[in-house]
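Okay, target24.txt now, which holds compact mmCIF, C-alpha atoms and all ligand atoms:
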# COMPACT_ATOMS: atom_id res chain seq x y z
CA MET A 1 83.53 102.54 93.12
CA THR A 2 83.53 98.74 93.28
CA ASP A 3 80.97 96.66 91.39
CA LEU A 4 78.15 95.29 93.49
CA PHE A 5 79.09 91.87 94.88
CA GLY A 6 77.23 89.88 97.51
CA ILE A 7 76.88 86.40 98.98
CA MET A 8 73.93 85.42 101.14
CA ARG A 9 73.55 82.15 103.03
CA THR A 10 70.57 81.66 105.29
CA PRO A 11 68.39 78.99 106.91
CA ARG A 12 65.41 77.72 104.84
CA ALA A 13 63.15 79.69 107.18
CA VAL A 14 63.48 82.23 109.96
CA LEU A 15 60.40 82.58 112.18
CA PHE A 16 60.76 85.71 114.27
CA GLY A 17 58.44 87.22 116.87
CA ASN A 18 56.84 86.87 120.27
CA GLY A 19 55.17 83.48 120.57
CA GLN A 20 56.80 81.98 117.46
CA ARG A 21 58.30 79.22 119.63
CA HIS A 22 54.85 77.62 119.60
CA ALA A 23 55.41 76.74 115.93
CA LEU A 24 58.11 74.25 116.98
CA GLY A 25 55.84 71.19 117.05
CA ARG A 26 54.62 71.60 113.49
CA VAL A 27 57.99 72.66 112.14
CA ALA A 28 59.60 69.55 113.67
CA ALA A 29 56.81 67.26 112.47
CA GLY A 30 57.51 68.52 108.95
CA LEU A 31 61.02 67.10 109.19
CA GLY A 32 60.29 63.63 110.56
CA GLN A 33 59.01 61.55 113.46
CA ARG A 34 62.01 61.43 115.80
CA VAL A 35 63.45 64.62 117.25
CA LEU A 36 66.43 65.06 119.59
CA VAL A 37 66.35 68.22 121.72
CA CYS A 38 69.75 69.56 122.86
CA THR A 39 69.50 71.96 125.78
CA ASP A 40 71.03 72.58 129.21
CA GLU A 41 69.93 71.95 132.80
CA ARG A 42 68.70 75.50 133.24
CA PHE A 43 66.25 75.43 130.35
CA ALA A 44 65.23 71.81 130.97
CA GLY A 45 63.88 72.88 134.36
CA THR A 46 61.63 75.66 133.03
CA PRO A 47 57.87 75.55 132.35
CA GLU A 48 58.75 76.67 128.81
CA MET A 49 60.50 73.35 128.26
CA SER A 50 57.46 71.36 129.39
CA GLY A 51 55.28 73.42 127.04
CA LEU A 52 57.55 72.83 124.05
CA LEU A 53 57.81 69.10 124.76
CA ALA A 54 54.02 68.91 124.99
CA ALA A 55 53.72 70.70 121.64
CA LEU A 56 56.15 68.25 120.03
CA GLY A 57 54.15 65.35 121.48
CA SER A 58 50.86 66.78 120.19
CA ALA A 59 52.39 67.09 116.73
CA GLY A 60 52.99 63.32 116.78
CA VAL A 61 56.76 63.52 117.19
CA ARG A 62 58.81 61.16 119.39
CA VAL A 63 61.34 63.10 121.45
CA GLN A 64 64.57 62.42 123.30
CA VAL A 65 66.22 65.16 125.37
CA PHE A 66 69.90 65.80 126.10
CA ASP A 67 70.02 68.43 128.85
CA ARG A 68 73.67 68.42 129.92
CA THR A 69 75.13 70.99 127.51
CA GLN A 70 77.87 72.98 129.27
CA PRO A 71 78.79 76.60 128.52
CA ASP A 72 81.62 76.92 125.99
CA LEU A 73 80.90 73.38 124.82
CA PRO A 74 83.63 70.98 125.92
CA VAL A 75 84.02 68.34 123.18
CA GLU A 76 83.49 65.53 125.69
CA GLY A 77 79.88 66.71 126.13
CA VAL A 78 79.32 66.49 122.37
CA TYR A 79 80.57 62.90 122.34
CA GLU A 80 78.39 62.07 125.34
CA CYS A 81 75.30 63.33 123.53
CA VAL A 82 76.18 61.50 120.30
CA ALA A 83 76.73 58.22 122.15
CA ALA A 84 73.52 58.52 124.16
CA HIS A 85 71.26 59.26 121.18
CA ARG A 86 72.83 57.55 118.15
CA ALA A 87 70.47 54.57 118.37
CA PHE A 88 67.44 56.89 118.34
CA GLN A 89 68.39 57.97 114.78
CA PRO A 90 66.78 61.43 114.98
CA ASP A 91 65.28 62.95 111.85
CA ALA A 92 65.82 66.47 113.21
CA ILE A 93 67.76 68.06 116.07
CA VAL A 94 66.49 71.01 118.06
CA GLY A 95 69.01 73.36 119.69
CA LEU A 96 67.32 75.18 122.53
CA GLY A 97 69.32 77.64 124.65
CA GLY A 98 72.28 79.98 124.31
CA GLY A 99 74.97 79.69 121.65
CA SER A 100 76.44 76.65 123.43
CA CYS A 101 73.21 74.64 123.01
CA LEU A 102 72.79 75.71 119.39
CA ASP A 103 76.39 74.75 118.60
CA MET A 104 75.81 71.43 120.41
CA ALA A 105 72.87 70.70 118.10
CA LYS A 106 74.97 71.55 115.02
CA LEU A 107 77.90 69.35 116.05
CA VAL A 108 75.72 66.41 117.09
CA SER A 109 73.91 66.65 113.76
CA LEU A 110 77.29 66.59 111.99
CA LEU A 111 78.71 63.62 113.93
CA LEU A 112 75.52 61.56 113.68
CA ALA A 113 75.38 62.16 109.92
CA HIS A 114 79.06 61.66 109.05
CA GLY A 115 80.75 59.90 112.00
CA GLY A 116 84.38 60.39 113.00
CA GLU A 117 85.87 62.79 115.53
CA ALA A 118 85.06 66.48 115.88
CA SER A 119 88.69 67.27 114.98
CA ASP A 120 88.16 65.71 111.53
CA TYR A 121 86.09 68.79 110.73
CA TYR A 122 88.00 71.67 112.39
CA GLY A 123 88.50 74.51 109.93
CA GLU A 124 86.57 75.45 106.79
CA TYR A 125 84.76 73.25 104.27
CA LYS A 126 85.68 69.92 105.88
CA VAL A 127 82.04 68.75 106.22
CA PRO A 128 81.45 66.37 103.30
CA GLY A 129 77.70 66.82 102.81
CA PRO A 130 74.33 67.64 104.34
CA THR A 131 73.82 66.99 108.04
CA ILE A 132 70.67 66.18 110.02
CA PRO A 133 68.38 69.26 109.87
CA VAL A 134 68.71 71.55 112.89
CA ILE A 135 65.97 73.75 114.30
CA ALA A 136 67.60 76.51 116.37
CA LEU A 137 65.76 78.38 119.13
CA PRO A 138 68.11 80.90 120.80
CA THR A 139 67.44 82.01 124.37
CA THR A 140 70.18 84.68 124.30
CA SER A 141 70.53 87.54 121.82
CA GLY A 142 74.15 87.51 120.77
CA THR A 143 75.92 84.71 118.99
CA GLY A 144 73.73 84.58 115.88
CA SER A 145 74.44 80.83 115.81
CA GLU A 146 70.81 80.26 114.77
CA VAL A 147 71.81 81.40 111.27
CA THR A 148 75.58 80.93 111.04
CA PRO A 149 77.63 78.19 109.33
CA VAL A 150 79.91 77.71 112.34
CA ALA A 151 79.97 75.82 115.64
CA VAL A 152 82.56 76.68 118.30
CA LEU A 153 83.77 74.18 120.90
CA ALA A 154 86.47 73.63 123.50
CA ASP A 155 88.80 70.71 122.87
CA SER A 156 90.94 69.83 125.90
CA ALA A 157 93.73 68.71 123.53
CA ARG A 158 94.14 72.34 122.45
CA ASP A 159 94.70 75.60 124.33
CA LEU A 160 92.26 77.65 122.24
CA LYS A 161 88.64 77.11 121.26
CA VAL A 162 88.14 75.68 117.78
CA GLY A 163 85.52 76.05 115.08
CA VAL A 164 83.86 73.87 112.49
CA SER A 165 82.74 76.03 109.57
CA SER A 166 80.64 74.83 106.66
CA PRO A 167 77.45 76.01 104.96
CA HIS A 168 76.08 72.52 105.84
CA LEU A 169 75.98 73.64 109.49
CA ILE A 170 73.51 76.46 108.87
CA PRO A 171 70.33 75.47 110.74
CA HIS A 172 67.39 74.38 108.61
CA THR A 173 65.02 76.67 110.54
CA ALA A 174 65.65 79.42 113.09
CA ILE A 175 62.84 80.20 115.51
CA CYS A 176 63.62 83.46 117.28
CA ASP A 177 61.17 84.29 120.03
CA PRO A 178 62.17 87.33 122.10
CA GLU A 179 60.07 86.05 125.02
CA LEU A 180 62.65 83.29 125.50
CA THR A 181 65.24 85.97 126.39
CA LEU A 182 63.19 87.62 129.15
CA THR A 183 64.97 85.55 131.82
CA CYS A 184 68.48 86.64 130.76
CA PRO A 185 70.09 88.53 133.66
CA LYS A 186 71.68 91.94 133.05
CA GLY A 187 75.24 90.68 132.67
CA LEU A 188 74.31 88.00 130.13
CA THR A 189 72.15 90.45 128.16
CA ALA A 190 75.06 92.91 128.01
CA ILE A 191 77.73 90.39 127.08
CA ALA A 192 75.62 88.65 124.44
CA GLY A 193 74.53 91.99 122.92
CA ALA A 194 78.13 93.18 122.90
CA ASP A 195 79.10 89.99 121.05
CA ALA A 196 76.48 90.84 118.42
CA LEU A 197 77.74 94.42 118.01
CA THR A 198 81.27 93.12 117.58
CA HIS A 199 80.08 90.65 114.93
CA ALA A 200 78.43 93.50 113.05
CA ILE A 201 81.44 95.84 113.22
CA GLU A 202 83.96 93.16 112.25
CA SER A 203 81.76 92.08 109.28
CA LEU A 204 81.30 95.62 108.03
CA THR A 205 85.02 96.31 108.26
CA ALA A 206 86.27 92.89 107.09
CA VAL A 207 88.77 92.81 104.24
CA ARG A 208 87.31 93.22 100.74
CA ARG A 209 88.47 90.38 98.47
CA SER A 210 88.43 90.12 94.72
CA PRO A 211 85.01 88.59 93.95
CA ASP A 212 86.10 85.72 91.72
CA PRO A 213 83.45 83.05 91.07
CA ASP A 214 85.26 80.46 93.22
CA ILE A 215 85.25 82.58 96.32
CA SER A 216 82.03 81.21 97.85
CA GLN A 217 83.07 77.61 97.14
CA THR A 218 86.56 77.86 98.59
CA ARG A 219 85.89 80.14 101.56
CA VAL A 220 83.10 79.98 104.10
CA PHE A 221 83.97 83.52 105.19
CA VAL A 222 84.45 85.60 102.07
CA GLY A 223 85.00 89.06 103.55
CA LYS A 224 83.05 92.26 103.23
CA ASN A 225 80.28 92.33 100.60
CA ALA A 226 77.13 94.25 99.77
CA PHE A 227 74.65 91.92 101.53
CA SER A 228 76.63 91.50 104.74
CA ASP A 229 77.17 95.28 104.88
CA GLN A 230 73.41 95.83 104.89
CA GLN A 231 72.82 93.27 107.65
CA ALA A 232 75.70 94.66 109.71
CA LEU A 233 74.35 98.21 109.56
CA ILE A 234 70.85 97.04 110.51
CA ALA A 235 72.38 95.35 113.54
CA ILE A 236 74.53 98.33 114.57
CA ARG A 237 71.56 100.72 114.32
CA ALA A 238 69.29 98.51 116.43
CA LEU A 239 71.92 97.71 119.06
CA ALA A 240 72.88 101.36 119.52
CA ALA A 241 69.22 102.27 119.97
CA HIS A 242 68.01 99.36 122.11
CA LEU A 243 70.79 97.39 123.81
CA PRO A 244 71.26 99.79 126.77
CA ARG A 245 67.52 99.67 127.42
CA ALA A 246 67.38 95.86 127.24
CA VAL A 247 70.21 95.71 129.78
CA GLU A 248 68.66 98.34 132.06
CA ASP A 249 65.16 96.84 132.05
CA GLY A 250 65.10 93.21 131.00
CA SER A 251 61.30 93.14 131.06
CA ASP A 252 61.10 95.59 128.13
CA LEU A 253 59.95 93.16 125.47
CA HIS A 254 60.19 95.75 122.70
CA ALA A 255 63.88 96.35 123.44
CA ARG A 256 64.43 92.58 123.81
CA GLY A 257 62.89 92.02 120.36
CA GLN A 258 65.03 94.71 118.72
CA VAL A 259 68.20 93.25 120.24
CA MET A 260 67.25 89.73 119.17
CA ALA A 261 66.63 90.92 115.60
CA ALA A 262 69.99 92.71 115.68
CA ALA A 263 71.82 89.57 116.84
CA LEU A 264 70.18 87.66 113.99
CA ALA A 265 71.20 90.32 111.44
CA ALA A 266 74.75 90.38 112.81
CA GLY A 267 74.85 86.57 112.50
CA LEU A 268 73.75 86.77 108.86
CA ALA A 269 76.50 89.35 108.29
CA PHE A 270 79.41 87.60 109.96
CA GLY A 271 78.31 84.14 108.80
CA VAL A 272 79.36 85.24 105.32
CA ALA A 273 81.84 88.09 105.82
CA GLY A 274 83.66 86.59 108.83
CA THR A 275 85.19 88.31 111.83
CA ALA A 276 88.75 89.53 112.34
CA ALA A 277 91.28 90.86 114.87
CA ALA A 278 89.03 91.22 117.93
CA HIS A 279 88.00 87.57 117.59
CA ALA A 280 91.54 86.33 116.90
CA ILE A 281 92.83 88.07 120.04
CA GLN A 282 89.90 87.01 122.25
CA TYR A 283 90.58 83.28 121.86
CA PRO A 284 93.85 83.28 123.86
CA ILE A 285 92.39 85.79 126.31
CA GLY A 286 89.40 83.52 126.89
CA ALA A 287 91.74 80.56 127.43
CA LEU A 288 93.79 82.52 130.01
CA THR A 289 91.05 84.33 131.90
CA HIS A 290 87.96 82.13 131.39
CA THR A 291 86.00 85.31 130.79
CA ALA A 292 83.00 85.26 128.44
CA HIS A 293 83.69 85.46 124.72
CA GLY A 294 81.38 88.49 124.36
CA ALA A 295 83.14 90.42 127.14
CA GLY A 296 86.55 89.81 125.58
CA VAL A 297 85.69 90.77 122.00
CA ALA A 298 83.84 93.88 123.20
CA THR A 299 86.70 95.05 125.43
CA LEU A 300 89.07 94.71 122.48
CA MET A 301 86.82 96.21 119.80
CA PRO A 302 87.50 99.97 120.28
CA TYR A 303 91.27 99.37 120.41
CA VAL A 304 91.07 97.23 117.27
CA MET A 305 89.06 100.04 115.66
CA ASP A 306 91.85 102.52 116.49
CA PHE A 307 94.38 100.22 114.83
CA ASN A 308 92.21 99.65 111.74
CA ALA A 309 91.14 103.29 111.35
CA PRO A 310 93.47 104.08 108.41
CA ALA A 311 91.80 101.27 106.38
CA CYS A 312 88.17 101.88 107.35
CA ALA A 313 87.25 105.56 107.01
CA ASP A 314 84.09 105.01 104.99
CA ASP A 315 82.77 102.17 107.12
CA TYR A 316 83.51 104.08 110.32
CA ALA A 317 81.52 107.06 109.04
CA ASP A 318 78.60 104.67 108.41
CA ILE A 319 78.97 103.18 111.89
CA SER A 320 78.82 106.63 113.50
CA GLN A 321 75.71 107.51 111.52
CA ALA A 322 74.07 104.21 112.42
CA MET A 323 74.81 104.98 116.06
CA GLY A 324 73.00 108.31 115.84
CA ASP A 325 75.85 110.77 115.20
CA THR A 326 74.44 113.78 113.33
CA GLU A 327 77.81 115.21 112.27
CA THR A 328 77.80 115.93 108.53
CA ASP A 329 81.52 115.80 107.75
CA ARG A 330 82.46 112.19 106.80
CA GLY A 331 86.00 112.57 108.12
CA ARG A 332 84.78 113.65 111.54
CA LEU A 333 82.10 110.94 111.51
CA ALA A 334 84.80 108.36 110.83
CA ALA A 335 87.01 109.68 113.61
CA ASN A 336 84.13 109.49 116.09
CA ALA A 337 83.29 105.80 115.54
CA PRO A 338 85.63 104.17 118.11
CA ARG A 339 84.36 106.65 120.71
CA HIS A 340 80.70 105.74 120.07
CA VAL A 341 81.44 102.03 120.35
CA TYR A 342 83.50 102.50 123.51
CA ALA A 343 80.79 104.66 125.09
CA LEU A 344 78.06 102.10 124.35
CA PHE A 345 80.13 99.30 125.85
CA ALA A 346 80.95 101.43 128.90
CA LYS A 347 77.24 102.09 129.42
CA ILE A 348 76.43 98.37 129.59
CA GLY A 349 79.33 97.50 131.88
CA ILE A 350 81.93 95.98 129.54
CA PRO A 351 85.44 96.22 131.09
CA ALA A 352 87.44 99.16 129.69
CA THR A 353 90.77 97.34 129.47
CA LEU A 354 92.31 93.89 129.26
CA ALA A 355 93.64 94.47 132.78
CA GLY A 356 89.98 94.77 133.80
CA LEU A 357 89.38 91.31 132.28
CA GLY A 358 92.16 89.90 134.46
CA VAL A 359 94.99 89.81 131.89
CA ARG A 360 98.50 90.40 133.35
CA ALA A 361 101.15 92.45 131.55
CA ASP A 362 103.50 89.45 131.39
CA GLN A 363 100.87 87.52 129.37
CA LEU A 364 100.65 90.01 126.48
CA ASP A 365 103.44 88.50 124.35
CA TRP A 366 101.89 85.02 124.60
CA ILE A 367 98.49 86.46 123.64
CA ALA A 368 99.96 88.15 120.56
CA ALA A 369 101.75 84.97 119.46
CA GLN A 370 98.66 82.78 119.99
CA SER A 371 96.38 85.23 118.18
CA MET A 372 98.45 84.75 115.03
CA LEU A 373 97.40 81.07 115.01
CA SER A 374 93.87 82.12 114.01
CA ALA A 375 95.13 82.72 110.47
CA ARG A 376 91.63 82.88 108.98
CA LEU A 377 90.70 85.75 111.30
CA VAL A 378 94.04 87.53 110.99
CA THR A 379 93.86 87.57 107.18
CA ASN A 380 90.25 88.80 107.32
CA ASN A 381 91.36 92.01 109.05
CA PRO A 382 91.04 95.15 106.92
CA ARG A 383 94.50 96.47 107.84
CA PRO A 384 97.29 93.93 107.31
CA LEU A 385 98.03 92.39 110.66
CA ASP A 386 101.27 90.81 111.89
CA GLN A 387 102.42 89.86 115.37
CA ALA A 388 103.84 93.35 115.97
CA GLY A 389 100.46 94.86 115.05
CA ILE A 390 98.63 92.55 117.44
CA ALA A 391 101.18 93.31 120.15
CA ALA A 392 100.46 97.02 119.68
CA ILE A 393 96.69 96.42 119.99
CA VAL A 394 96.98 94.32 123.15
CA ALA A 395 99.44 96.75 124.75
CA ALA A 396 97.03 99.64 124.15
CA ALA A 397 94.04 97.57 125.31
CA HIS A 398 95.86 96.50 128.47
CA ALA A 399 96.99 99.98 129.43
CA GLY A 400 93.78 101.71 128.31
CA HIS A 401 95.42 103.86 125.63
CA GLY A 402 92.76 104.70 123.06
CA THR A 403 91.88 107.76 121.01
CA PHE A 404 88.40 107.49 122.53
CA HIS A 405 89.39 107.86 126.17
CA ALA A 406 89.57 111.63 126.19
CA SER A 407 85.81 111.88 126.10
CA ARG A 408 84.97 109.35 128.80
N1 LIG A 501 78.20 79.40 116.30
C1 LIG A 501 78.34 80.70 116.28
O1 LIG A 501 78.07 81.34 115.27
C2 LIG A 501 78.86 81.40 117.51
C3 LIG A 501 79.11 82.78 117.48
C4 LIG A 501 79.57 83.40 118.63
C5 LIG A 501 79.78 82.65 119.78
N2 LIG A 501 79.53 81.30 119.77
C6 LIG A 501 79.72 80.47 120.97
O2 LIG A 501 78.50 80.53 121.72
C7 LIG A 501 78.81 80.34 123.11
C8 LIG A 501 78.26 81.49 123.92
O3 LIG A 501 76.86 81.49 123.81
P1 LIG A 501 75.95 82.45 124.72
O4 LIG A 501 76.63 83.74 124.92
O5 LIG A 501 74.61 82.45 124.12
O6 LIG A 501 75.96 81.74 126.13
P2 LIG A 501 75.89 80.19 126.56
O7 LIG A 501 75.06 79.40 125.63
O8 LIG A 501 77.28 79.71 126.78
O9 LIG A 501 75.14 80.27 127.95
C9 LIG A 501 75.74 80.96 129.04
C10 LIG A 501 74.85 80.79 130.27
O10 LIG A 501 73.64 81.53 130.09
C11 LIG A 501 72.53 80.72 130.44
N3 LIG A 501 71.35 81.15 129.68
C12 LIG A 501 71.11 81.00 128.35
N4 LIG A 501 69.93 81.56 128.04
C13 LIG A 501 69.40 82.06 129.18
C14 LIG A 501 68.19 82.73 129.50
N5 LIG A 501 67.25 83.01 128.57
N6 LIG A 501 67.97 83.08 130.79
C15 LIG A 501 68.89 82.82 131.77
N7 LIG A 501 70.06 82.18 131.52
C16 LIG A 501 70.31 81.81 130.23
C17 LIG A 501 72.97 79.31 130.10
O11 LIG A 501 72.20 78.35 130.80
C18 LIG A 501 74.43 79.35 130.53
O12 LIG A 501 74.55 79.09 131.90
C19 LIG A 501 80.33 80.26 123.20
O13 LIG A 501 80.71 78.89 123.23
C20 LIG A 501 80.79 80.93 121.92
O14 LIG A 501 82.07 80.52 121.52
C21 LIG A 501 79.06 80.67 118.66
Using structure tokens, write down the structure from this file.
Amino acid sequence: MTDLFGIMRTPRAVLFGNGQRHALGRVAAGLGQRVLVCTDERFAGTPEMSGLLAALGSAGVRVQVFDRTQPDLPVEGVYECVAAHRAFQPDAIVGLGGGSCLDMAKLVSLLLAHGGEASDYYGEYKVPGPTIPVIALPTTSGTGSEVTPVAVLADSARDLKVGVSSPHLIPHTAICDPELTLTCPKGLTAIAGADALTHAIESLTAVRRSPDPDISQTRVFVGKNAFSDQQALIAIRALAAHLPRAVEDGSDLHARGQVMAAALAAGLAFGVAGTAAAHAIQYPIGALTHTAHGAGVATLMPYVMDFNAPACADDYADISQAMGDTETDRGRLAANAPRHVYALFAKIGIPATLAGLGVRADQLDWIAAQSMLSARLVTNNPRPLDQAGIAAIVAAAHAGHGTFHASR
């Protein structure tokens, strides 16, 4: 038995529930008089946007809007927003949209507070101090960015996406209103929900490090711990029970709410524990295929689980139970986990193989080599991972060789 050890990092407040978006005006007014809203063209054209702007106005707040956030967040867009709104000197920044808009708000808040280039802050713990407070309102249920200490962006100077990770990037307030997700089409609901499930599984199974007192001050992502385990299992349970329904009938507000709560819990888990092999391998796959992050990590997850199985028996048994398996033998429960995850992803339309994502066999060696560059993710994997190990995972994931296939 290991001693209880846990790290928890969260926003100051999380407001969750249908209609909670209407608190935005008063929350923002509590932070100052000038508010910058970062969103995208889609949301800017909705009646919801007009309603939220009216609420901000009624609360006595002056507002500027940047509505040109692009998916996957090219760094040029971040600079464009910073340049356009620097003179406004916002007291708070609202991120309103999917993970790309929330990450935009985080990065703009960082660059307005501390200056410099985005690349000055790539990696962990490079942010020198507090940033402008961010209020995050997600309109997808997946990334968990509303509570995480990371922002992900695409820098044209680099092949792979990059991250800025610091507890200073955790939003001040998260406002999670499931009604904002009602417009998500099936594919987006599935991919975002799959991203959340992958966050939860990779947090629960992350490496367990020695809990020395410096760990939280030297690492943003500390590995598996008691608090992140709890959040991860909450997320897995809710996603197994409600994600297929939310994908099948997007108007089911109960299912939407459960999935949004799960994405939030998974964000709280991975924002401290970190993710691992599936995320390391997705980055080069995303760069090659331009497929969604959530689709890539979810396609990889069952194959990564096969590889990690020798190191994760206990956690896999917990995953199976959380997914509704009533088997009583822990060994059999553990063995069943990759199959449950694969079956859930199959049900919501996630590709079964890397070939299905558009990866060619002659690209596998490059993918394995590039994956190793995400050292933080590679060393967070529960089973020691080298290039040969990654090559084995991608070969299996490309060909569709998994222990879980027999039952499909
Ligand atoms: N910061 C983090 O912790 C974290 C974690 C995981 C992923 N990410 C990043 O988040 C991004 C992905 O975010 P995402 O999956 O939320 O998608 P997204 O923000 O990239 O948006 C994808 C598309 O969905 C549309 N959309 C968003 N909400 C909608 C709604 N309610 N109805 C209809 N359409 C809607 C957007 O307009 C956009 O066209 C990636 O850049 C990824 O790397 C960040």
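The protein and nucleic acid residues lying at most 7 Å from range 247-255 of chain A are Leu182, Lys186, Thr189, Ala190, His242, Leu243, Pro244, Gln258, Val259 and Ile348 of chain A, with all atoms listed in the file considered and sequence neighbours fewer than 3 positions away removed.
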Around (94.1, 84.2, 115.6) in the file's own coordinates, what residues are found within 9 Å if you use only C-alpha atoms, given back as a PyMOL selection string?
chain A and resi 276-284+368-378
Env. residues ligand LIG 501 (chain A) / 8 Å / all atoms listed in the file / as a PyMOL selection string:
chain A and resi 40-43+70-73+97-103+138-154+161+180-185+188+191-192+195+267+271+292-294
Minimum-distance residue to Val297 in chain A, chosen among A:Ala322, A:Leu52, A:Ala392, A:Ala397 (using only C-alpha atoms)
A:Ala397
Measure the distance from CA of Gly296 in chain A to CA of Gly356 in chain A in Å and round it to one decimal.
10.2 Å
Check which residues of range 141-230 of chain A sit at most 12 Å from range 84-94 of chain A using all atoms listed in the file, and return one row each with the closest pair of atoms and their distance in Å to one decimal, ordered by chain and rising number, as JSON lines.
{"residue": "A:Glu146", "atom": "CA", "partner": "A:Val94", "partner_atom": "CA", "distance": 10.7}
{"residue": "A:Leu169", "atom": "CA", "partner": "A:Ile93", "partner_atom": "CA", "distance": 11.9}
{"residue": "A:Pro171", "atom": "CA", "partner": "A:Val94", "partner_atom": "CA", "distance": 9.4}
{"residue": "A:His172", "atom": "CA", "partner": "A:Ala92", "partner_atom": "CA", "distance": 9.3}
{"residue": "A:Thr173", "atom": "CA", "partner": "A:Val94", "partner_atom": "CA", "distance": 9.5}
{"residue": "A:Ala174", "atom": "CA", "partner": "A:Val94", "partner_atom": "CA", "distance": 9.8}
{"residue": "A:Ile175", "atom": "CA", "partner": "A:Val94", "partner_atom": "CA", "distance": 10.2}
Write out as a ChimeraX atom specification the residues lying within 9 Å of Pro351 in chain A, counting all atoms listed in the file and excluding same-chain residues fewer than 3 positions away.
/A:295-296,298-299,345-346,354-357
Based on the selection just made, write C-alpha atoms of those residues as a JSON list (two decimals), keeping the file's coordinate frame.
[["chain", "number", "residue", "atom", "x", "y", "z"],
["A", 295, "ALA", "CA", 83.14, 90.42, 127.14],
["A", 296, "GLY", "CA", 86.55, 89.81, 125.58],
["A", 298, "ALA", "CA", 83.84, 93.88, 123.20],
["A", 299, "THR", "CA", 86.70, 95.05, 125.43],
["A", 345, "PHE", "CA", 80.13, 99.30, 125.85],
["A", 346, "ALA", "CA", 80.95, 101.43, 128.90],
["A", 354, "LEU", "CA", 92.31, 93.89, 129.26],
["A", 355, "ALA", "CA", 93.64, 94.47, 132.78],
["A", 356, "GLY", "CA", 89.98, 94.77, 133.80],
["A", 357, "LEU", "CA", 89.38, 91.31, 132.28]]
List as a ChimeraX atom specification the protein and nucleic acid residues near Ile201 in chain A, meaning an atom at most 10 Å away when all atoms listed in the file are counted, but skip any in the same chain fewer than 5 places from it.
/A:196,206,229,232-233,235-236,266,269-270,275-276,301,305,315-316,319,341
